[in-house]
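Let me begin by presenting the structure, written as structure tokens, before commenting on it.
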Amino acid sequence: MSFMMALANSTMFTTSGIYHVTSLGLNPFELVLMGTVLELTVLIFEGITGVVADTYSRRISVIIGMFILGSGFTMEGSVLWLTGAGSIISVFAWIVFSQILFGIGWTFVSGANTAWVVDEVGEEQAGAILMRSQRLSLTASLLGIGCSVGLSMITPNLPYLIGGMLYAMLGVLLLIVMKETKFKRQEHAPQASHFKRMTGTWLSGAKVVRKHPLLGVIIAVTLFSGAAYEGYDRLWQPFLISGIGLPDLKVSMAVWFGVVSAAATLLGLGGVRLAEKWIDMKNERKVSAAMLLLTMIRVAAILSLAVAPNFAWAIVSVLIAGASVSISEPVYGTWLNMNLESKTRATVLSMVSQSDALGQTAGGPVVGWIGSRFSIRASILSAGILMLPVLAVFGRIIRKRI
């Protein structure tokens, strides 16, 4: 599942900018608004779909999400055709529809997939599996980068069509091979309506967060990290282009960013392999220490990019930031699941994801405004500063003050 999702995402997103700008003619405001629509959709639906996974089935939630994601990406790839022949619906309206489907589909998968893994194999084994799946995902991303560049040269919308097809195929495959043997539905009164059952599950998840101060702190801090990384993720490419300047070589922009993505993926792949050997994923204290170190590296890389005087300095900073994210994702997922109860795991994970979406929705535009008001360099600097509270939290966790 991780391999195919990463392959599809890399195939679509490596050259998505070329498709959106050159083929669909979206302007910068519309590009930012796309992300806002996506994150608002996640913010609205994440809690609902997390409750569905905890109330009825993680397997069903994941499979539904795959088919919705496939539909959304196929629609996005078909916009060139949907807006032809005098269509009354604009290009941007179709893109908004596709982003809404993307957001809804992702919320069905997010939280439910990790909760399913942890329930099936147990918390002690989940960390190693998440690390291995991340390694496979990065390998798939390398393949997807090459596929994306090649397919976009044929026609810019082809990567999205292939990506949507891969998600639909994955949905069919999971229907056949995905089993769910350890999940236990929460007990509700026989006469309880679906709404009452889902409300009860959500309230149970909220109680877990209230009773566990650490989870409340993490949800709050996720607001900062979401705001920071949304700004960084959308601005590092424009910063390399206009703030630093690409080397004067006879290489297209698509190839440049394909090479950068491949290099970051390879670095992340090596980092994940080392992390598998060095980090005891069954030891919560060591996992927390690893998160602190990885967050420090990430913050340092973002701040380093903000002060980069030349292209070499900037590209090293980008590669280190990307690799730290690749390594920290499975480590963070493992650490978070060590502190969750099985019956509300997907719901609480969705609450964390909602917090991230809220941070991206609220903070991303602020970081972008700083770039418009002052400079992109100032935006990236502010993104690094917004990450600093995360360091304080993980430092407190290690000292067992929470």
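Going through the structure tokens in order, the chains are called A, B, and so on, while each chain numbers its residues from 1 and the ligands are numbered from 1 in the order shown.
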Mind dumping a table of every region 221-267 of chain A residue within 12 Å of region 294-314 of chain A, with the nearest atom pair and its distance in Å to one decimal, using only C-alpha atoms, sorted by chain and rising number, as JSON lines?
```
{"residue": "A:Ser225", "atom": "CA", "partner": "A:Thr295", "partner_atom": "CA", "distance": 10.0}
{"residue": "A:Ala228", "atom": "CA", "partner": "A:Ile302", "partner_atom": "CA", "distance": 9.7}
{"residue": "A:Tyr229", "atom": "CA", "partner": "A:Ile302", "partner_atom": "CA", "distance": 9.4}
{"residue": "A:Gly231", "atom": "CA", "partner": "A:Ile302", "partner_atom": "CA", "distance": 10.9}
{"residue": "A:Tyr232", "atom": "CA", "partner": "A:Ile302", "partner_atom": "CA", "distance": 7.7}
{"residue": "A:Asp233", "atom": "CA", "partner": "A:Ile302", "partner_atom": "CA", "distance": 10.3}
{"residue": "A:Leu235", "atom": "CA", "partner": "A:Ala306", "partner_atom": "CA", "distance": 10.8}
{"residue": "A:Trp236", "atom": "CA", "partner": "A:Leu305", "partner_atom": "CA", "distance": 8.4}
{"residue": "A:Gln237", "atom": "CA", "partner": "A:Ala314", "partner_atom": "CA", "distance": 10.6}
{"residue": "A:Phe239", "atom": "CA", "partner": "A:Ala306", "partner_atom": "CA", "distance": 9.1}
{"residue": "A:Leu240", "atom": "CA", "partner": "A:Phe311", "partner_atom": "CA", "distance": 7.4}
{"residue": "A:Ile241", "atom": "CA", "partner": "A:Phe311", "partner_atom": "CA", "distance": 9.8}
{"residue": "A:Ser242", "atom": "CA", "partner": "A:Phe311", "partner_atom": "CA", "distance": 11.2}
{"residue": "A:Gly243", "atom": "CA", "partner": "A:Asn310", "partner_atom": "CA", "distance": 9.5}
{"residue": "A:Ile244", "atom": "CA", "partner": "A:Phe311", "partner_atom": "CA", "distance": 6.0}
{"residue": "A:Gly245", "atom": "CA", "partner": "A:Phe311", "partner_atom": "CA", "distance": 7.0}
{"residue": "A:Leu246", "atom": "CA", "partner": "A:Phe311", "partner_atom": "CA", "distance": 7.0}
{"residue": "A:Pro247", "atom": "CA", "partner": "A:Phe311", "partner_atom": "CA", "distance": 7.6}
{"residue": "A:Asp248", "atom": "CA", "partner": "A:Phe311", "partner_atom": "CA", "distance": 11.2}
{"residue": "A:Val260", "atom": "CA", "partner": "A:Ala314", "partner_atom": "CA", "distance": 11.4}
```
| If we count only C-alpha atoms, what is near Met4 (chain A) at a cut-off of 8 Å, once residues fewer than 3 positions away on the same chain are taken out, given as a list in words? |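 In the requested format, the answer is Met1, Leu7, Ala8, Ser137, Ala140, Leu166, Tyr167 and Leu170 of chain A.
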Give me the residues of region 108-141 of chain A that have any atom at most 8 Å from an atom of region 282-288 of chain A; for each, the nearest atom pair and the distance in Å, rounded to one decimal. Use only C-alpha atoms, sort by chain and number, and format it as JSON lines.
```
{"residue": "A:Glu123", "atom": "CA", "partner": "A:Lys282", "partner_atom": "CA", "distance": 7.9}
{"residue": "A:Glu124", "atom": "CA", "partner": "A:Lys282", "partner_atom": "CA", "distance": 5.4}
{"residue": "A:Gln125", "atom": "CA", "partner": "A:Lys282", "partner_atom": "CA", "distance": 7.7}
{"residue": "A:Gly127", "atom": "CA", "partner": "A:Lys282", "partner_atom": "CA", "distance": 7.0}
```
Contacts of region 260-279 of chain A with region 315-325 of chain A up to 10 Å, shortest pair per row, only C-alpha atoms, as CSV:
```
residue,atom,partner,partner_atom,distance
A:Val260,CA,A:Leu319,CA,7.5
A:Ser261,CA,A:Leu319,CA,8.3
A:Ala262,CA,A:Leu319,CA,9.7
A:Ala263,CA,A:Leu319,CA,7.1
A:Ala264,CA,A:Leu319,CA,4.9
A:Thr265,CA,A:Ala323,CA,6.9
A:Leu266,CA,A:Ala323,CA,8.3
A:Leu267,CA,A:Ala323,CA,5.7
A:Gly268,CA,A:Ala323,CA,4.1
A:Leu269,CA,A:Ala323,CA,7.8
A:Gly270,CA,A:Ala323,CA,8.8
A:Gly271,CA,A:Ala323,CA,7.0
A:Val272,CA,A:Ala323,CA,8.7
```
Margin query: From the options A:Leu391, A:Leu161, A:Val352, A:Met338, which residue's atoms come nearest to Gly122 (chain A), counting only C-alpha atoms?
Written below: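 Closest to Gly122 (chain A), using only C-alpha atoms: A:Met338.
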Discussion item. I'd like the contact shell of Gly144 (chain A) - 12 Å cut-off, only C-alpha atoms, skipping same-chain residues fewer than 4 positions apart - returned as a PyMOL selection string.
Written reply: chain A and resi 3-15+137-140+148-152+159-160+162-163+166+258+261-262+265
Using the selection just defined, write its residues with N, CA, C and O atoms as a short mmCIF file (atom, residue, chain, number, x, y, z; two decimals), in the first residue's frame.
```
data_model
loop_
_atom_site.label_atom_id
_atom_site.label_comp_id
_atom_site.auth_asym_id
_atom_site.auth_seq_id
_atom_site.Cartn_x
_atom_site.Cartn_y
_atom_site.Cartn_z
N PHE A 3 3.97 1.54 -0.96
CA PHE A 3 4.73 1.60 -2.20
C PHE A 3 3.88 2.21 -3.32
O PHE A 3 4.31 3.14 -4.02
N MET A 4 2.66 1.71 -3.50
CA MET A 4 1.82 2.17 -4.60
C MET A 4 1.35 3.61 -4.40
O MET A 4 1.26 4.38 -5.36
N MET A 5 1.06 3.98 -3.14
CA MET A 5 0.66 5.36 -2.88
C MET A 5 1.80 6.33 -3.18
O MET A 5 1.60 7.38 -3.79
N ALA A 6 3.01 5.96 -2.75
CA ALA A 6 4.17 6.83 -3.00
C ALA A 6 4.47 6.92 -4.49
O ALA A 6 4.83 7.99 -5.00
N LEU A 7 4.33 5.80 -5.20
CA LEU A 7 4.56 5.81 -6.64
C LEU A 7 3.56 6.73 -7.34
O LEU A 7 3.95 7.54 -8.20
N ALA A 8 2.30 6.62 -6.97
CA ALA A 8 1.27 7.47 -7.57
C ALA A 8 1.51 8.94 -7.25
O ALA A 8 1.45 9.81 -8.14
N ASN A 9 1.81 9.25 -5.98
CA ASN A 9 2.02 10.65 -5.58
C ASN A 9 3.22 11.27 -6.27
O ASN A 9 3.16 12.41 -6.74
N SER A 10 4.31 10.53 -6.33
CA SER A 10 5.52 11.05 -6.97
C SER A 10 5.30 11.25 -8.46
O SER A 10 5.76 12.23 -9.05
N THR A 11 4.58 10.32 -9.08
CA THR A 11 4.27 10.45 -10.50
C THR A 11 3.48 11.71 -10.78
O THR A 11 3.72 12.42 -11.77
N MET A 12 2.53 12.03 -9.90
CA MET A 12 1.67 13.20 -10.13
C MET A 12 2.34 14.51 -9.72
O MET A 12 2.32 15.49 -10.47
N PHE A 13 2.94 14.54 -8.54
CA PHE A 13 3.31 15.82 -7.95
C PHE A 13 4.67 16.35 -8.37
O PHE A 13 4.94 17.54 -8.22
N THR A 14 5.56 15.50 -8.90
CA THR A 14 6.88 16.00 -9.30
C THR A 14 6.77 17.08 -10.37
O THR A 14 7.49 18.07 -10.34
N THR A 15 5.86 16.90 -11.32
CA THR A 15 5.71 17.88 -12.41
C THR A 15 4.34 18.56 -12.36
O THR A 15 3.87 19.08 -13.37
N SER A 137 8.49 3.32 0.37
CA SER A 137 7.85 4.51 -0.21
C SER A 137 8.86 5.40 -0.91
O SER A 137 8.60 5.93 -2.00
N LEU A 138 10.02 5.58 -0.30
CA LEU A 138 11.06 6.41 -0.92
C LEU A 138 11.60 5.77 -2.19
O LEU A 138 11.90 6.47 -3.17
N THR A 139 11.71 4.44 -2.18
CA THR A 139 12.13 3.75 -3.41
C THR A 139 11.10 3.97 -4.52
O THR A 139 11.45 4.24 -5.68
N ALA A 140 9.81 3.87 -4.15
CA ALA A 140 8.75 4.10 -5.13
C ALA A 140 8.77 5.54 -5.63
O ALA A 140 8.50 5.81 -6.81
N SER A 148 7.15 10.59 -13.83
CA SER A 148 6.51 11.89 -13.95
C SER A 148 7.13 12.73 -15.05
O SER A 148 6.43 13.32 -15.88
N VAL A 149 8.47 12.79 -15.07
CA VAL A 149 9.16 13.57 -16.10
C VAL A 149 8.86 13.01 -17.49
O VAL A 149 8.55 13.75 -18.43
N GLY A 150 8.93 11.68 -17.62
CA GLY A 150 8.69 11.06 -18.92
C GLY A 150 7.26 11.24 -19.40
O GLY A 150 7.02 11.60 -20.57
N LEU A 151 6.28 11.01 -18.50
CA LEU A 151 4.87 11.13 -18.89
C LEU A 151 4.49 12.57 -19.21
O LEU A 151 3.72 12.82 -20.15
N SER A 152 5.04 13.53 -18.45
CA SER A 152 4.70 14.93 -18.69
C SER A 152 5.23 15.42 -20.03
O SER A 152 4.69 16.37 -20.60
N PRO A 159 0.49 12.36 -16.09
CA PRO A 159 0.85 11.88 -14.74
C PRO A 159 -0.34 11.78 -13.80
O PRO A 159 -0.43 10.83 -13.01
N TYR A 160 -1.27 12.73 -13.87
CA TYR A 160 -2.44 12.67 -12.99
C TYR A 160 -3.38 11.52 -13.37
O TYR A 160 -3.96 10.87 -12.50
N ILE A 162 -2.51 8.68 -14.77
CA ILE A 162 -1.87 7.44 -14.34
C ILE A 162 -1.93 7.32 -12.81
O ILE A 162 -2.17 6.23 -12.27
N GLY A 163 -1.70 8.42 -12.10
CA GLY A 163 -1.77 8.40 -10.64
C GLY A 163 -3.16 8.01 -10.15
O GLY A 163 -3.30 7.20 -9.21
N LEU A 166 -3.62 4.34 -10.60
CA LEU A 166 -2.90 3.55 -9.60
C LEU A 166 -3.67 3.48 -8.28
O LEU A 166 -3.72 2.43 -7.63
N GLY A 258 13.33 17.70 -10.82
CA GLY A 258 13.32 16.24 -10.77
C GLY A 258 14.60 15.70 -10.16
O GLY A 258 14.58 14.78 -9.33
N SER A 261 14.54 16.46 -6.40
CA SER A 261 13.65 15.52 -5.72
C SER A 261 14.28 14.15 -5.59
O SER A 261 14.17 13.50 -4.54
N ALA A 262 14.94 13.71 -6.66
CA ALA A 262 15.59 12.40 -6.62
C ALA A 262 16.72 12.37 -5.60
O ALA A 262 16.88 11.41 -4.84
N THR A 265 15.30 12.27 -2.12
CA THR A 265 14.74 10.95 -1.86
C THR A 265 15.84 9.94 -1.55
O THR A 265 15.72 9.13 -0.62
#
```
CA of Ile100 (chain A) sits from CA of Leu38 (chain A) at a separation of 6.0 Å
According to DSSP computed on the backbone, where in region 271-313 of chain A is there alpha helix (DSSP H)? Give the residues as a ChimeraX atom specification.
/A:271-278,284-306,311-313
